[in-house]
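Working notes, beginning with the structure itself.
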Amino acid sequence: MLRFLQLLFTTLFLSVVLVYTGTCHAADTVRINGSGNALDMMQPLINAYIKTNHNAHIVMAKPLGSSGAIKALLADALDMAIVSRDLKTEEAAQGAMLMRYGKTPFVIVTEKSVHRSGISTKELEDIYTGKTGTWQEGKKIRVVLRPLADIDTLIMRGLSPGMNSAITASHTRPGMVLAITDLDSYATIKKTPGGIGATGMNSIISEKLPLTMLSLNGIKPSLKNLASGAYPLAKEISFVTTAKTTPATWKLIDFIFSAKGRAIAGKAGVLVTAGVTERSKPH
Amino acid sequence: MNQAEISIQRFSIAVAWGLSILITVMVPAIYFFISYQHLRSELVVQSVLSANDVTNLVRSNPTLWRYEDLRISEMLEQRSRRTVAESIVIYNTNREVIASNTAVVPPVHIGQKQDIYDAGVVVASIEIYRTLDPLLFSTLLVTLCSAAIAAVIFFTLRTLPRRSIKKAYQALCEKRKKYRSLHESMKEGMAEHRVTFANNGELESFTIIETNSSCTDMFGCHRQDLVGSDSLTQFGASFREYLSELLRVFEHGNSITFELALPERGAYYTTTAYSQSPGIITTLFEDITERKKSEQQIKKMAYSDQLTTLPNRALLLDRLNQAVANATQNCSTLAVFLLDLDRFKIFNDTMGRATGDQLLIEVGRRLQRQIRCSDTLARMGGDEFCFVAINTGKELNATYVAQKFMDSMLPPFWIGSNELHVTSSIGIAVFPDDGSDAETLIKSAELAMYSAKEAGRNRYNFYSPEMNLKAHTRMKLENGMRNALEHGEFFLEFQPIMDAGTRTITAAEALVRWNHPSRGRIPPNEFIPLAEETGLILPLGEWILRTVCRSMKTWNDAGLPQIRLSVNVSSRQIEQQNFAEIVRKALHATGANAAQLEIELTESCLVNHASTNLAEVFDLRSLGISIAIDDFGTGYSSLGYIKTLPIDHIKIDRSFVTDISSNIQDQAIVEAIITMSQKLGIQNIAEGVETLEQLEFLQSLRCDEIQGYYFHRPLSAEALVTLLRAQV
């Protein structure tokens, strides 16, 4: 799968380079990177943006994750970072500026062969602590964890105190599957029999992932339930810029924050919470 | 504690220290070294794996890989030991930190660096530092454990061997003490000898190297006198006799036992010799002196009569058997005398048993004085004694012995205040005539003794009637001869000796005659040998000498021609120390003319007697006495004495004269004797001349004097006087 993704990104990169070589100037190049889920949201947006901005050259490499993207941004290796968390103080101190954009339901997913449609917090706690080791049909439950420092882990911890403890316990269990990035996470769940994990719903939608999204405590993950507050888990999507952010980048940001951009994002499973003008108010 | 013990203890302590230090130092050092190497290997593997991971990251995202914080952080967290402080830092080529974990590594740590490449170019490096604190801590624990183990080992090695050695030494000392105690308390004397051999295999030395107190006591000397001395000298000739057997102990390895006799100490030892180590022989001496004495005493009691201490019947039988065996082998004779006291029962009954016993003791003593050392006198029981005489020769000797026994009984026995006159009856049996074995001989002697009893006691009796007769005849003759001298039954006859030329009487040989009161004249060849055998020849010879001298004096005083009167002197008379003195006294006592006296000696006298006795006899010539050799030519083959001895006359034996007329050999012999005597200046006398032919032949040879029946038979003194008077 990784090989496939690498091939995909490479192909995309080459196509963008070819288009750019033929139609745009180098000054229109925008290097973006960030959280995997966020980048999944970006793909239809970039496609739409390039259709109208033939000179635009969007470079989006393999996801670096929120922290890596911010770091690369601060090191001038990127023009914009798309992250799923707030800025740290030191990042802000270095000139990073955050613009909130929206959020996508953070969905509990299973491998396709698992015959479940929903799960409770208690069940999740038992699964993560290892108390429950098999699905009802007898298949082994294989939990795909995320790094402790990753925002996905923090979101899961916030589900309940029991879940917080269960997450800690799960990381002490030997032989657990650990996915570093969002891309790694859903790719691993997809190919792991009896696998269970969590990812942003926008990635499932945009990537058409063959995963089963579970309702949590009977609440289906949807933008409506998220917006109503019925669904408790959500993953933020924000843009980080600096004072050095290029105009081409701002132009792309403007497109993303535009109505069209919002519509494309909403279609991709993102509940856009930022207003149209908020793009000029970086945090 | 002795030197060896101290040395062993020091050695064990040194070993304990060495081992303890080795364990204390080496075990932690080895542990640290191995653990360090393991840690280094772990770090190498970890750094290589991490470098590979990062390299893969670089390869997948060559431009932005360094910003993949999460991935890199996660990689940096992939550690084998999360509990150990470990710093992982990724540097770019400018030594700027790309990523690192937050761990702080103490100053004591181990590090490992691994380069990260992209397309063969170093783009970064990963350096891993891990603290050595856990290793140092575990090494410290190992050190403490090792030290504890070392302490235990030290204690064990220092204490246990020491304790074991001490115990072993104590046990050894106790064993030594026990051995020494046993050694010293041993009743047997023990001596150890070192035997050395020269290169040629000959015995070089046999030296005493150890003894116990029993040994020194047994041999009556101090230990220092024995130890170091020569065994063969110390333990006497008897020990030396067993030398070859003693040395063979080394070869066969078995012990040998022999009896060691030390006659000078009157001691006997049963000696057992064995060898337990090469070159060393141990001898154990058991003093059996008392046992030997007891055995001897038992033997003595078994073989001797308790009352008289004489051998008893058993011993007599044993010795008699031996004597019979020897006599059979040597074809010699022996005689068994069985002596029984006459009427002893009456003594016993009347005087009491004690007196009887004392009488038996005294009788035993007297009898013992009569026998030779080689003979056996035994008390057979009661009042019966038995005597075995070997090499008795003629039966007459047995008679003599029996007579001696009977004579020894003649003096009265004084038992207390009682004077006892005792006689005995003796039975004699002679081997081989009267029996070929001991029992038969004794039985024959008993029968002979009973015969003597029946015959009236106080006599001896032979078992053989023939011998009995001879013996009794002899006894009678002997008894008669004793009386004859006292009763004047002896008288002299004189056979004139004529001058061969003038046919005048020049001398006369005195011849003793016995006129027995009942038997009449007894031939001289019957009583003279008996007189010599019994010693009666001595008084008889002295009587003859005195009688001759007295006759000579009487005849001289009567004015008769002074002829030589010759007297035969026997061998036994020459044996007398004082024969010359007797002659002198006789001459002196009678006042006879010594120049007329001639002493006739046989050739055997000249040979058998000591030169001193003969010298004294020949010294008589200084008185004028002449010496004649009687029966010349029959006794001695050597003529050397004629040359050396001052002989006056040679009397040619009658055996040469008898056939002188017809026998050429006799003629030659007589001629030779006469010629020789003439040449030597010795007068010669022919004996046994009975015929004219004999006389004429002798005259033809210029024989000096003639004696024989041709002229005169032996004459009575009166007849001789008549002849002499006629010759005047």
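Identifiers in the structure tokens: chain A, B, ... in order shown; residue index from 1 per chain; ligand index from 1 in order shown.
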Distance table requested - chain B against chain A, cut-off 6 Å, only C-alpha atoms: one row per qualifying residue with the closest atom pair and its distance in Å to one decimal, ordered by chain and rising residue number, as a tab-separated table.
residue	atom	partner	partner_atom	distance
B:Tyr67	CA	A:Gly68	CA	4.5
B:Glu68	CA	A:Gly68	CA	4.9
B:Asp69	CA	A:Gly68	CA	5.0
B:Arg71	CA	A:Ile180	CA	5.9
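By only C-alpha atoms, and with residues fewer than 5 positions from A:Leu223 along its chain excluded, the set lying at most 8 Å from it is Thr104, Pro105, Gly269, Val270 and Leu271 of chain A.
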Which residues come within 8 Å of B:Tyr709, counting only C-alpha atoms, excluding same-chain residues fewer than 4 positions away, as a PyMOL selection string? chain B and resi 688-690+713
Would you mind exporting C-alpha atoms of the selected residues as a PDB file, in the first residue's frame?
ATOM      1  CA  GLY B 688     113.297-120.617  72.792  1.00  0.00           C
ATOM      2  CA  VAL B 689     116.350-122.599  71.787  1.00  0.00           C
ATOM      3  CA  GLU B 690     115.419-126.218  72.234  1.00  0.00           C
ATOM      4  CA  ARG B 713     113.689-125.021  81.552  1.00  0.00           C
TER       5      ARG B 713
END
Could you give me the residues within stretch 473-563 of chain B that DSSP places in strand (DSSP E), as an MDAnalysis selection string? chainID B and resid 490:499 505:516 520:522
Under the rule that only C-alpha atoms are counted, which of B:Leu310, B:Ile673, B:Ile650, B:Cys215 is the nearest residue to B:Ser185? B:Cys215
Stretch 233-247 of chain B: which residues within 12 Å, counting only C-alpha atoms, same-chain residues fewer than 6 positions away excluded, as a ChimeraX atom specification? /B:191,193-197,201-208,215-216,218-221,225-227,253-265,267-275,278-283,285
Give me, as a VMD selection string, all polymer residues having an atom no more than 9 Å from B:Ser213, counting only C-alpha atoms and skipping those fewer than 5 positions away in the same chain. chain B and resid 183 to 186 189 to 190 218 222 to 223
Hey, can you check how far atom CA of A:Ala227 sits from atom CA of A:Glu207?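 If I compute the distance from atom CA of A:Ala227 to atom CA of A:Glu207, I get 22.4 Å.
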Quick one: everything within 10 Å of A:Asn202, counting only C-alpha atoms, minus sequence neighbours fewer than 2 positions away in the same chain. Send it as a VMD selection string. chain A and resid 37 to 41 103 to 107 199 to 200 204 to 208 223 235 265 to 271
Same residues, N, CA and C atoms, saved as a compact mmCIF listing (two decimals), in the first residue's frame:
# COMPACT_ATOMS: atom_id res chain seq x y z
N ASN A 37 -4.90 13.50 7.11
CA ASN A 37 -6.32 13.72 6.88
C ASN A 37 -6.56 15.07 6.20
N ALA A 38 -5.82 16.04 6.68
CA ALA A 38 -6.00 17.37 6.11
C ALA A 38 -5.58 17.40 4.65
N LEU A 39 -4.45 16.72 4.38
CA LEU A 39 -3.99 16.67 3.00
C LEU A 39 -5.01 15.95 2.11
N ASP A 40 -5.68 14.93 2.72
CA ASP A 40 -6.73 14.25 1.94
C ASP A 40 -7.84 15.22 1.56
N MET A 41 -8.12 16.15 2.43
CA MET A 41 -9.14 17.16 2.13
C MET A 41 -8.64 18.09 1.01
N LYS A 103 -13.52 21.12 10.72
CA LYS A 103 -13.20 19.85 11.38
C LYS A 103 -13.94 18.71 10.70
N THR A 104 -13.45 17.58 10.90
CA THR A 104 -14.05 16.39 10.28
C THR A 104 -14.28 15.37 11.40
N PRO A 105 -15.37 14.60 11.32
CA PRO A 105 -15.61 13.62 12.40
C PRO A 105 -14.42 12.65 12.49
N PHE A 106 -14.02 12.41 13.70
CA PHE A 106 -12.96 11.45 13.92
C PHE A 106 -13.61 10.10 14.15
N VAL A 107 -13.47 9.22 13.18
CA VAL A 107 -14.33 8.03 13.10
C VAL A 107 -13.58 6.76 13.58
N THR A 199 -9.72 7.42 12.29
CA THR A 199 -9.18 8.35 11.29
C THR A 199 -10.25 9.42 10.97
N GLY A 200 -9.78 10.40 10.25
CA GLY A 200 -10.73 11.45 9.89
C GLY A 200 -11.68 10.94 8.81
N ILE A 204 -11.72 8.98 4.54
CA ILE A 204 -12.49 7.81 4.10
C ILE A 204 -13.31 8.18 2.86
N ILE A 205 -13.82 9.39 2.93
CA ILE A 205 -14.67 9.83 1.82
C ILE A 205 -13.82 10.13 0.58
N SER A 206 -12.82 10.95 0.82
CA SER A 206 -12.04 11.37 -0.34
C SER A 206 -11.21 10.24 -0.93
N GLU A 207 -10.76 9.33 -0.07
CA GLU A 207 -9.93 8.24 -0.57
C GLU A 207 -10.75 6.99 -0.86
N LYS A 208 -12.06 7.09 -0.56
CA LYS A 208 -12.97 5.96 -0.78
C LYS A 208 -12.39 4.69 -0.15
N LEU A 223 -21.38 14.79 9.42
CA LEU A 223 -21.17 16.23 9.63
C LEU A 223 -22.32 16.84 10.43
N LYS A 235 -11.80 16.04 14.33
CA LYS A 235 -10.41 16.37 14.08
C LYS A 235 -10.35 17.72 13.38
N ALA A 265 -14.75 21.24 0.27
CA ALA A 265 -14.32 20.67 1.57
C ALA A 265 -15.48 19.97 2.26
N GLY A 266 -16.66 20.62 2.18
CA GLY A 266 -17.81 19.98 2.82
C GLY A 266 -18.11 18.65 2.16
N LYS A 267 -17.93 18.64 0.86
CA LYS A 267 -18.17 17.41 0.14
C LYS A 267 -17.16 16.33 0.55
N ALA A 268 -16.06 16.80 0.88
CA ALA A 268 -14.98 15.85 1.25
C ALA A 268 -15.08 15.44 2.70
N GLY A 269 -16.20 15.85 3.36
CA GLY A 269 -16.39 15.37 4.75
C GLY A 269 -15.84 16.32 5.79
N VAL A 270 -15.69 17.56 5.42
CA VAL A 270 -15.16 18.54 6.39
C VAL A 270 -16.27 19.53 6.75
N LEU A 271 -16.43 19.66 8.04
CA LEU A 271 -17.39 20.66 8.50
C LEU A 271 -16.62 21.96 8.64
Å distance separating atom CA of B:Asn458 from atom CA of B:Ile522, one decimal place: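 Atom CA of B:Ile522 lies 26.6 Å from atom CA of B:Asn458.
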Just the residues within 12 Å of A:Met97, please, counting only C-alpha atoms, with nothing from its chain fewer than 6 positions along; format it as a PyMOL selection string. chain A and resi 70+73-74+80-83+86-91+238-245+279-283
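Nearest-residue note for B:Val422: choosing from B:Arg343, B:Arg572, B:Arg248, B:His487, the minimum distance belongs to B:Arg343, counting only C-alpha atoms.
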Rounded to one decimal, what separation in Å do you get between atom CA of B:Ala429 and atom CA of B:Leu441? 5.8 Å
If you run DSSP on the backbone, which residues of stretch 354-600 of chain B are helix (DSSP H, G or I), as a PyMOL selection string? chain B and resi 354-369+395-408+438-454+465-487+524-534+537-557+571-575+579-590+594-596
